[in-house]
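**Student:** One file: entry29.pdb (PDB, C-alpha atoms).
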```pdb
ATOM      1  CA  MET A   1     -35.136 -23.386 -19.091  1.00  0.00           C
ATOM      2  CA  ALA A   2     -33.771 -23.500 -15.534  1.00  0.00           C
ATOM      3  CA  ALA A   3     -30.343 -24.574 -16.796  1.00  0.00           C
ATOM      4  CA  SER A   4     -30.391 -21.819 -19.389  1.00  0.00           C
ATOM      5  CA  GLY A   5     -31.293 -19.249 -16.727  1.00  0.00           C
ATOM      6  CA  ASN A   6     -28.495 -20.428 -14.461  1.00  0.00           C
ATOM      7  CA  THR A   7     -26.041 -20.180 -17.352  1.00  0.00           C
ATOM      8  CA  LEU A   8     -27.135 -16.601 -18.062  1.00  0.00           C
ATOM      9  CA  ARG A   9     -26.789 -15.629 -14.403  1.00  0.00           C
ATOM     10  CA  PHE A  10     -23.365 -17.258 -14.223  1.00  0.00           C
ATOM     11  CA  GLY A  11     -22.275 -15.407 -17.346  1.00  0.00           C
ATOM     12  CA  ALA A  12     -23.558 -12.109 -15.958  1.00  0.00           C
ATOM     13  CA  THR A  13     -21.693 -12.712 -12.705  1.00  0.00           C
ATOM     14  CA  LEU A  14     -18.456 -13.412 -14.562  1.00  0.00           C
ATOM     15  CA  ALA A  15     -18.927 -10.256 -16.617  1.00  0.00           C
ATOM     16  CA  LEU A  16     -19.521  -8.232 -13.460  1.00  0.00           C
ATOM     17  CA  PHE A  17     -16.357  -9.537 -11.803  1.00  0.00           C
ATOM     18  CA  ALA A  18     -14.383  -8.899 -14.972  1.00  0.00           C
ATOM     19  CA  ALA A  19     -15.663  -5.324 -15.106  1.00  0.00           C
ATOM     20  CA  LEU A  20     -14.868  -4.762 -11.419  1.00  0.00           C
ATOM     21  CA  GLY A  21     -11.397  -6.203 -11.909  1.00  0.00           C
ATOM     22  CA  PHE A  22     -10.732  -3.934 -14.883  1.00  0.00           C
ATOM     23  CA  PHE A  23     -11.999  -0.921 -12.942  1.00  0.00           C
ATOM     24  CA  ALA A  24      -9.775  -1.787  -9.983  1.00  0.00           C
ATOM     25  CA  TRP A  25      -6.789  -2.208 -12.302  1.00  0.00           C
ATOM     26  CA  LYS A  26      -7.390   1.147 -13.984  1.00  0.00           C
ATOM     27  CA  SER A  27      -7.962   2.871 -10.633  1.00  0.00           C
ATOM     28  CA  GLY A  28      -4.797   1.312  -9.241  1.00  0.00           C
ATOM     29  CA  ARG A  29      -2.738   2.441 -12.199  1.00  0.00           C
ATOM     30  CA  ARG A  30      -4.172   5.955 -11.885  1.00  0.00           C
ATOM     31  CA  VAL A  31      -3.132   6.129  -8.222  1.00  0.00           C
ATOM     32  CA  TYR A  32       0.467   5.298  -9.083  1.00  0.00           C
ATOM     33  CA  GLU A  33       0.502   7.779 -11.949  1.00  0.00           C
ATOM     34  CA  THR A  34      -1.239  10.722 -10.292  1.00  0.00           C
ATOM     35  CA  GLY A  35      -1.198   9.946  -6.552  1.00  0.00           C
ATOM     36  CA  PRO A  36       0.671  11.847  -3.813  1.00  0.00           C
ATOM     37  CA  ARG A  37       4.375  12.406  -4.372  1.00  0.00           C
ATOM     38  CA  LEU A  38       7.284  11.771  -2.054  1.00  0.00           C
ATOM     39  CA  GLU A  39       9.530  14.787  -1.463  1.00  0.00           C
ATOM     40  CA  ILE A  40      13.210  13.875  -1.634  1.00  0.00           C
ATOM     41  CA  GLY A  41      16.055  15.918  -0.168  1.00  0.00           C
ATOM     42  CA  GLU A  42      19.420  15.539   1.522  1.00  0.00           C
ATOM     43  CA  THR A  43      21.003  16.559   4.816  1.00  0.00           C
ATOM     44  CA  ASP A  44      24.410  15.670   6.266  1.00  0.00           C
ATOM     45  CA  GLY A  45      24.892  12.830   3.816  1.00  0.00           C
ATOM     46  CA  ALA A  46      21.473  11.301   4.491  1.00  0.00           C
ATOM     47  CA  VAL A  47      18.602  11.129   2.013  1.00  0.00           C
ATOM     48  CA  VAL A  48      15.413  12.628   3.455  1.00  0.00           C
ATOM     49  CA  LEU A  49      12.116  11.123   2.265  1.00  0.00           C
ATOM     50  CA  ARG A  50       9.233  13.393   3.270  1.00  0.00           C
ATOM     51  CA  TRP A  51       5.665  12.070   3.186  1.00  0.00           C
ATOM     52  CA  ALA A  52       3.113  14.786   4.017  1.00  0.00           C
ATOM     53  CA  HIS A  53      -0.055  12.880   3.104  1.00  0.00           C
ATOM     54  CA  ALA A  54      -2.383  10.206   4.422  1.00  0.00           C
ATOM     55  CA  ILE A  55      -1.025   6.674   4.737  1.00  0.00           C
ATOM     56  CA  GLU A  56      -2.414   5.458   1.447  1.00  0.00           C
ATOM     57  CA  ALA A  57      -1.262   4.159  -1.922  1.00  0.00           C
ATOM     58  CA  PRO A  58       1.164   4.750  -3.477  1.00  0.00           C
ATOM     59  CA  MET A  59       3.265   5.495  -0.372  1.00  0.00           C
ATOM     60  CA  ALA A  60       5.009   2.103  -0.258  1.00  0.00           C
ATOM     61  CA  GLU A  61       5.735   2.206  -3.980  1.00  0.00           C
ATOM     62  CA  ARG A  62       7.114   5.749  -3.714  1.00  0.00           C
ATOM     63  CA  LEU A  63       9.464   4.679  -0.884  1.00  0.00           C
ATOM     64  CA  ALA A  64      10.633   1.651  -2.846  1.00  0.00           C
ATOM     65  CA  SER A  65      11.363   3.708  -5.952  1.00  0.00           C
ATOM     66  CA  ALA A  66      13.210   6.411  -4.017  1.00  0.00           C
ATOM     67  CA  PHE A  67      15.312   3.841  -2.185  1.00  0.00           C
ATOM     68  CA  ASP A  68      16.241   2.010  -5.363  1.00  0.00           C
ATOM     69  CA  GLU A  69      17.227   5.297  -7.011  1.00  0.00           C
ATOM     70  CA  ARG A  70      19.273   6.663  -4.072  1.00  0.00           C
ATOM     71  CA  ARG A  71      20.612   3.595  -2.277  1.00  0.00           C
ATOM     72  CA  GLY A  72      24.037   3.799  -3.890  1.00  0.00           C
ATOM     73  CA  GLY A  73      24.721   7.347  -2.734  1.00  0.00           C
ATOM     74  CA  THR A  74      24.053   7.098   1.003  1.00  0.00           C
ATOM     75  CA  GLY A  75      24.084   4.748   3.949  1.00  0.00           C
ATOM     76  CA  ARG A  76      21.235   6.505   5.759  1.00  0.00           C
ATOM     77  CA  PHE A  77      17.634   7.429   5.028  1.00  0.00           C
ATOM     78  CA  ILE A  78      15.440   9.718   7.130  1.00  0.00           C
ATOM     79  CA  ILE A  79      11.679   9.349   6.771  1.00  0.00           C
ATOM     80  CA  ASP A  80      10.063  12.705   7.565  1.00  0.00           C
ATOM     81  CA  LEU A  81       6.379  12.179   8.396  1.00  0.00           C
ATOM     82  CA  ASP A  82       3.387  14.521   8.544  1.00  0.00           C
ATOM     83  CA  SER A  83       0.331  12.318   8.277  1.00  0.00           C
ATOM     84  CA  PRO A  84      -3.217  11.989   9.654  1.00  0.00           C
ATOM     85  CA  GLY A  85      -2.995   8.209   9.350  1.00  0.00           C
ATOM     86  CA  GLY A  86      -4.922   6.107   6.888  1.00  0.00           C
ATOM     87  CA  SER A  87      -4.968   2.607   5.467  1.00  0.00           C
ATOM     88  CA  LEU A  88      -3.887  -0.357   7.587  1.00  0.00           C
ATOM     89  CA  ALA A  89      -3.115  -2.320   4.417  1.00  0.00           C
ATOM     90  CA  GLU A  90      -0.901   0.406   2.951  1.00  0.00           C
ATOM     91  CA  GLY A  91       0.747   0.931   6.325  1.00  0.00           C
ATOM     92  CA  ARG A  92       1.677  -2.747   6.423  1.00  0.00           C
ATOM     93  CA  LEU A  93       3.233  -2.477   2.951  1.00  0.00           C
ATOM     94  CA  VAL A  94       5.145   0.649   3.984  1.00  0.00           C
ATOM     95  CA  ILE A  95       6.561  -1.108   7.056  1.00  0.00           C
ATOM     96  CA  GLU A  96       7.572  -4.092   4.938  1.00  0.00           C
ATOM     97  CA  GLU A  97       9.395  -1.708   2.594  1.00  0.00           C
ATOM     98  CA  ILE A  98      11.169  -0.007   5.501  1.00  0.00           C
ATOM     99  CA  GLU A  99      12.240  -3.419   6.786  1.00  0.00           C
ATOM    100  CA  ARG A 100      13.714  -4.125   3.346  1.00  0.00           C
ATOM    101  CA  ILE A 101      15.663  -0.863   3.407  1.00  0.00           C
ATOM    102  CA  LYS A 102      16.944  -1.585   6.931  1.00  0.00           C
ATOM    103  CA  ARG A 103      18.671  -4.753   5.738  1.00  0.00           C
ATOM    104  CA  THR A 104      21.364  -2.649   4.091  1.00  0.00           C
ATOM    105  CA  HIS A 105      20.891   0.963   5.274  1.00  0.00           C
ATOM    106  CA  ASP A 106      20.193   2.945   8.436  1.00  0.00           C
ATOM    107  CA  VAL A 107      16.637   4.285   8.644  1.00  0.00           C
ATOM    108  CA  ASP A 108      15.637   7.063  11.044  1.00  0.00           C
ATOM    109  CA  THR A 109      12.257   8.775  11.438  1.00  0.00           C
ATOM    110  CA  PHE A 110      11.293  12.361  12.169  1.00  0.00           C
ATOM    111  CA  VAL A 111       8.160  14.477  12.766  1.00  0.00           C
ATOM    112  CA  GLY A 112       8.690  18.204  12.463  1.00  0.00           C
ATOM    113  CA  ASP A 113       7.245  21.364  13.979  1.00  0.00           C
ATOM    114  CA  LYS A 114       3.512  21.822  13.283  1.00  0.00           C
ATOM    115  CA  SER A 115       3.399  18.273  11.910  1.00  0.00           C
ATOM    116  CA  VAL A 116       1.329  15.314  13.066  1.00  0.00           C
ATOM    117  CA  CYS A 117       1.756  11.552  13.186  1.00  0.00           C
ATOM    118  CA  LEU A 118      -1.630  10.026  13.871  1.00  0.00           C
ATOM    119  CA  SER A 119      -3.067   6.531  13.917  1.00  0.00           C
ATOM    120  CA  MET A 120      -1.298   4.263  11.357  1.00  0.00           C
ATOM    121  CA  CYS A 121       1.504   6.805  11.061  1.00  0.00           C
ATOM    122  CA  VAL A 122       2.738   5.887  14.551  1.00  0.00           C
ATOM    123  CA  PRO A 123       3.712   2.257  13.747  1.00  0.00           C
ATOM    124  CA  ILE A 124       5.620   3.588  10.735  1.00  0.00           C
ATOM    125  CA  TYR A 125       7.395   6.176  12.881  1.00  0.00           C
ATOM    126  CA  LEU A 126       8.379   3.449  15.354  1.00  0.00           C
ATOM    127  CA  GLN A 127      10.376   1.705  12.610  1.00  0.00           C
ATOM    128  CA  GLY A 128      13.116   4.329  12.901  1.00  0.00           C
ATOM    129  CA  ALA A 129      16.363   3.311  14.574  1.00  0.00           C
ATOM    130  CA  ASP A 130      16.695   6.912  15.745  1.00  0.00           C
ATOM    131  CA  ARG A 131      13.345   8.636  16.285  1.00  0.00           C
ATOM    132  CA  SER A 132      13.300  12.399  16.658  1.00  0.00           C
ATOM    133  CA  ALA A 133      10.613  15.072  16.608  1.00  0.00           C
ATOM    134  CA  ALA A 134       9.976  18.732  17.276  1.00  0.00           C
ATOM    135  CA  PRO A 135       8.618  19.270  20.817  1.00  0.00           C
ATOM    136  CA  SER A 136       5.223  20.424  19.488  1.00  0.00           C
ATOM    137  CA  ALA A 137       4.787  17.553  17.014  1.00  0.00           C
ATOM    138  CA  LEU A 138       1.522  15.715  17.701  1.00  0.00           C
ATOM    139  CA  PHE A 139       1.078  11.960  18.007  1.00  0.00           C
ATOM    140  CA  MET A 140      -2.247  10.152  18.316  1.00  0.00           C
ATOM    141  CA  PHE A 141      -2.950   6.526  19.229  1.00  0.00           C
ATOM    142  CA  HIS A 142      -6.281   4.759  18.767  1.00  0.00           C
ATOM    143  CA  GLU A 143      -7.645   1.309  18.098  1.00  0.00           C
ATOM    144  CA  PRO A 144      -7.841   0.266  14.431  1.00  0.00           C
ATOM    145  CA  SER A 145     -11.164   0.597  12.643  1.00  0.00           C
ATOM    146  CA  ALA A 146     -12.503  -1.219   9.579  1.00  0.00           C
ATOM    147  CA  HIS A 147     -13.745   0.602   6.488  1.00  0.00           C
ATOM    148  CA  ASP A 148     -15.912  -0.514   3.582  1.00  0.00           C
ATOM    149  CA  LEU A 149     -13.747  -1.017   0.484  1.00  0.00           C
ATOM    150  CA  VAL A 150     -16.310   0.663  -1.789  1.00  0.00           C
ATOM    151  CA  THR A 151     -17.746   3.540   0.270  1.00  0.00           C
ATOM    152  CA  ASP A 152     -14.752   3.982   2.651  1.00  0.00           C
ATOM    153  CA  GLU A 153     -17.271   4.358   5.481  1.00  0.00           C
ATOM    154  CA  LYS A 154     -16.434   2.970   8.900  1.00  0.00           C
ATOM    155  CA  VAL A 155     -17.799  -0.530   9.514  1.00  0.00           C
ATOM    156  CA  ASP A 156     -18.795  -1.582  13.030  1.00  0.00           C
ATOM    157  CA  LYS A 157     -17.506  -5.079  13.777  1.00  0.00           C
ATOM    158  CA  PRO A 158     -19.017  -7.332  16.464  1.00  0.00           C
ATOM    159  CA  GLY A 159     -17.428  -6.694  19.861  1.00  0.00           C
ATOM    160  CA  PHE A 160     -15.354  -9.884  20.000  1.00  0.00           C
ATOM    161  CA  GLU A 161     -14.020  -9.441  16.463  1.00  0.00           C
ATOM    162  CA  ALA A 162     -13.153  -5.790  17.116  1.00  0.00           C
ATOM    163  CA  ARG A 163     -11.262  -6.719  20.303  1.00  0.00           C
ATOM    164  CA  MET A 164      -9.316  -9.429  18.479  1.00  0.00           C
ATOM    165  CA  THR A 165      -8.402  -7.022  15.666  1.00  0.00           C
ATOM    166  CA  SER A 166      -7.264  -4.437  18.206  1.00  0.00           C
ATOM    167  CA  ALA A 167      -5.189  -7.001  20.108  1.00  0.00           C
ATOM    168  CA  ARG A 168      -3.485  -8.255  16.938  1.00  0.00           C
ATOM    169  CA  PHE A 169      -2.709  -4.704  15.817  1.00  0.00           C
ATOM    170  CA  PHE A 170      -1.302  -3.775  19.214  1.00  0.00           C
ATOM    171  CA  GLU A 171       0.929  -6.812  19.466  1.00  0.00           C
ATOM    172  CA  ARG A 172       2.212  -6.530  15.906  1.00  0.00           C
ATOM    173  CA  TYR A 173       3.071  -2.846  15.929  1.00  0.00           C
ATOM    174  CA  PHE A 174       3.536  -1.876  19.571  1.00  0.00           C
ATOM    175  CA  GLY A 175       4.291  -5.121  21.395  1.00  0.00           C
ATOM    176  CA  ARG A 176       7.391  -5.700  19.262  1.00  0.00           C
ATOM    177  CA  SER A 177       8.542  -2.095  19.267  1.00  0.00           C
ATOM    178  CA  GLU A 178      11.130  -0.351  21.464  1.00  0.00           C
ATOM    179  CA  MET A 179       8.335   1.414  23.352  1.00  0.00           C
ATOM    180  CA  ASP A 180       8.849   1.386  27.137  1.00  0.00           C
ATOM    181  CA  ALA A 181       7.139  -1.715  28.532  1.00  0.00           C
ATOM    182  CA  GLY A 182       5.350   0.055  31.394  1.00  0.00           C
ATOM    183  CA  TRP A 183       4.131   2.872  29.151  1.00  0.00           C
ATOM    184  CA  ARG A 184       2.980   0.309  26.609  1.00  0.00           C
ATOM    185  CA  ASP A 185       0.943  -1.556  29.225  1.00  0.00           C
ATOM    186  CA  ALA A 186      -0.750   1.697  30.253  1.00  0.00           C
ATOM    187  CA  LEU A 187      -1.494   2.487  26.602  1.00  0.00           C
ATOM    188  CA  ARG A 188      -3.058  -0.948  26.131  1.00  0.00           C
ATOM    189  CA  GLU A 189      -5.468  -0.243  28.990  1.00  0.00           C
ATOM    190  CA  ASN A 190      -6.236   3.376  28.183  1.00  0.00           C
ATOM    191  CA  TRP A 191      -6.739   3.410  24.413  1.00  0.00           C
ATOM    192  CA  ARG A 192      -9.909   1.293  24.329  1.00  0.00           C
ATOM    193  CA  GLY A 193     -12.504   3.301  22.441  1.00  0.00           C
ATOM    194  CA  LYS A 194     -10.473   6.504  22.749  1.00  0.00           C
ATOM    195  CA  GLU A 195      -8.107   8.767  20.894  1.00  0.00           C
ATOM    196  CA  LEU A 196      -4.994   9.461  22.952  1.00  0.00           C
ATOM    197  CA  TRP A 197      -3.058  12.593  21.968  1.00  0.00           C
ATOM    198  CA  PHE A 198       0.462  13.519  23.029  1.00  0.00           C
ATOM    199  CA  THR A 199       3.032  16.060  21.967  1.00  0.00           C
ATOM    200  CA  ALA A 200       6.511  14.762  21.328  1.00  0.00           C
ATOM    201  CA  GLU A 201       7.657  16.613  24.435  1.00  0.00           C
ATOM    202  CA  GLU A 202       5.034  14.841  26.559  1.00  0.00           C
ATOM    203  CA  LEU A 203       6.122  11.465  25.210  1.00  0.00           C
ATOM    204  CA  VAL A 204       9.736  12.216  26.117  1.00  0.00           C
ATOM    205  CA  ASP A 205       8.739  13.496  29.567  1.00  0.00           C
ATOM    206  CA  GLN A 206       6.755  10.293  30.158  1.00  0.00           C
ATOM    207  CA  ARG A 207       9.734   8.205  29.031  1.00  0.00           C
ATOM    208  CA  ALA A 208       7.544   6.352  26.569  1.00  0.00           C
ATOM    209  CA  ASN A 209      10.521   5.695  24.266  1.00  0.00           C
ATOM    210  CA  VAL A 210       8.355   6.512  21.269  1.00  0.00           C
ATOM    211  CA  VAL A 211      10.246   9.738  20.555  1.00  0.00           C
ATOM    212  CA  GLU A 212      13.901   9.391  21.528  1.00  0.00           C
ATOM    213  CA  GLU A 213      15.146  12.918  20.871  1.00  0.00           C
ATOM    214  CA  LEU A 214      13.585  16.375  20.695  1.00  0.00           C
ATOM    215  CA  VAL A 215      14.855  18.625  17.910  1.00  0.00           C
ATOM    216  CA  ARG A 216      14.343  22.262  18.822  1.00  0.00           C
TER     217      ARG A 216
END
```
Any chance you could put this one into structure tokens?
**Tutor:**
Amino acid sequence: MAASGNTLRFGATLALFAALGFFAWKSGRRVYETGPRLEIGETDGAVVLRWAHAIEAPMAERLASAFDERRGGTGRFIIDLDSPGGSLAEGRLVIEEIERIKRTHDVDTFVGDKSVCLSMCVPIYLQGADRSAAPSALFMFHEPSAHDLVTDEKVDKPGFEARMTSARFFERYFGRSEMDAGWRDALRENWRGKELWFTAEELVDQRANVVEELVR
């Protein structure tokens, strides 16, 4: 009887995982079919890819598709961002896609007037070879947080684990960037447990080398 019970439980577990996998597959397909769209335009021979949404799927896929469709007609792409931030995982995929584009094309980034680039948006913005913004554009830096995959609620990690996650994030996305070294060191000290907000004009005035040029 015990063996029979274990077999039933094992079968139920397999069925549960199969159902969850099917649900995830259907949900994933739905995101790509009905999720946020990438606006595509042109200026001065460059293709402008505007993403005015959270950093979430299917952003990386939208960038990849747009690049593959337009790569033959231009040597330069401009990624125009207006985002409250979002998923670390999707942000990583987006950066990998930008790195792919940069192998053959110039990629610049831009944040316009009344637009924001918060949290995970900032590492994406830093991928631009030329980084411009309107003076009033808002940027926000904060330590990464973990979220439950099912409820999307914030998960509190133990102190040591949270510090390690923060350190890895900082080194990966800021430590290897063109950000001014002194400004970066100050950011590393000041962002612990905080949200740090700056306008593009403030970043330029502080010589942070996050925003390189103000577009008025």
**Student:** Give as a PyMOL selection string the residues that the PyMOL selection byres ((chain A and resi 174-187) around 7) matches when applied to the coordinates above.
**Tutor:** chain A and resi 126+170-173+188-191+208-210
**Student:** To one decimal in Å, tell me the separation between atom CA of A:Leu38 and atom CA of A:Pro135.
**Tutor:**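 Computing the Euclidean distance for atom CA of A:Leu38 and atom CA of A:Pro135 yields 24.1 Å.
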**Student:** As an exercise, work out the distance from atom CA of A:Ala52 to atom CA of A:Ala129 in Å and give it to one decimal place.
**Tutor:** 20.5 Å
**Student:** Determine the residue membership of the PyMOL selection byres ((chain A and resi 61) around 12) for the file above and supply it as a tab-separated table (two decimals) with C-alpha atoms, keeping the file's coordinate frame.
**Tutor:**
```tsv
chain	number	residue	atom	x	y	z
A	28	GLY	CA	-4.80	1.31	-9.24
A	29	ARG	CA	-2.74	2.44	-12.20
A	31	VAL	CA	-3.13	6.13	-8.22
A	32	TYR	CA	0.47	5.30	-9.08
A	33	GLU	CA	0.50	7.78	-11.95
A	35	GLY	CA	-1.20	9.95	-6.55
A	36	PRO	CA	0.67	11.85	-3.81
A	37	ARG	CA	4.38	12.41	-4.37
A	38	LEU	CA	7.28	11.77	-2.05
A	55	ILE	CA	-1.02	6.67	4.74
A	56	GLU	CA	-2.41	5.46	1.45
A	57	ALA	CA	-1.26	4.16	-1.92
A	58	PRO	CA	1.16	4.75	-3.48
A	59	MET	CA	3.26	5.50	-0.37
A	60	ALA	CA	5.01	2.10	-0.26
A	62	ARG	CA	7.11	5.75	-3.71
A	63	LEU	CA	9.46	4.68	-0.88
A	64	ALA	CA	10.63	1.65	-2.85
A	65	SER	CA	11.36	3.71	-5.95
A	66	ALA	CA	13.21	6.41	-4.02
A	67	PHE	CA	15.31	3.84	-2.18
A	68	ASP	CA	16.24	2.01	-5.36
A	90	GLU	CA	-0.90	0.41	2.95
A	91	GLY	CA	0.75	0.93	6.32
A	93	LEU	CA	3.23	-2.48	2.95
A	94	VAL	CA	5.14	0.65	3.98
A	95	ILE	CA	6.56	-1.11	7.06
A	96	GLU	CA	7.57	-4.09	4.94
A	97	GLU	CA	9.40	-1.71	2.59
A	98	ILE	CA	11.17	-0.01	5.50
```
**Student:** With all atoms listed in the file as the basis for distance, which of A:Ser145, A:Thr109, A:Thr104, A:Thr165 is at the shortest distance from A:Val122?
**Tutor:** A:Thr109
**Student:** Which is closer to A:Val47 than all the others in A:His142, A:Arg92, A:Arg70, A:Arg168, using only C-alpha atoms?
**Tutor:**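 Looking at the shortest contact to A:Val47, the residue is A:Arg70.
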**Student:** Evaluating the PyMOL selection byres ((chain A and resi 195) around 9) on the displayed file yields which residues, as a PyMOL selection string?
**Tutor:** chain A and resi 119+140-143+191-194+196-197
**Student:** Give the answer as one residue: which of A:Arg100, A:His105, A:His53, A:Arg131 has the shortest atom-to-atom distance to A:Gly75, using only C-alpha atoms?
**Tutor:**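 Using only C-alpha atoms, A:Gly75 sits closest to A:His105.
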**Student:** From the options A:Ala54, A:Cys117, A:Ile78, A:Val204, which residue's atoms come nearest to A:Gly41, counting only C-alpha atoms?
**Tutor:** A:Ile78
**Student:** Point out the residue among A:Cys121, A:Pro144, A:Gly112, A:Gln206 with the least atom-to-atom distance to A:Ala167, counting only C-alpha atoms.
**Tutor:**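 For A:Ala167, the nearest of the given residues is A:Pro144.
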**Student:** For atom CA of A:Thr43 and atom CA of A:Lys102, determine how far apart the two atoms are, in Å to one decimal place.
**Tutor:**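 Value for the atom CA of A:Thr43-atom CA of A:Lys102 distance: 18.7 Å.
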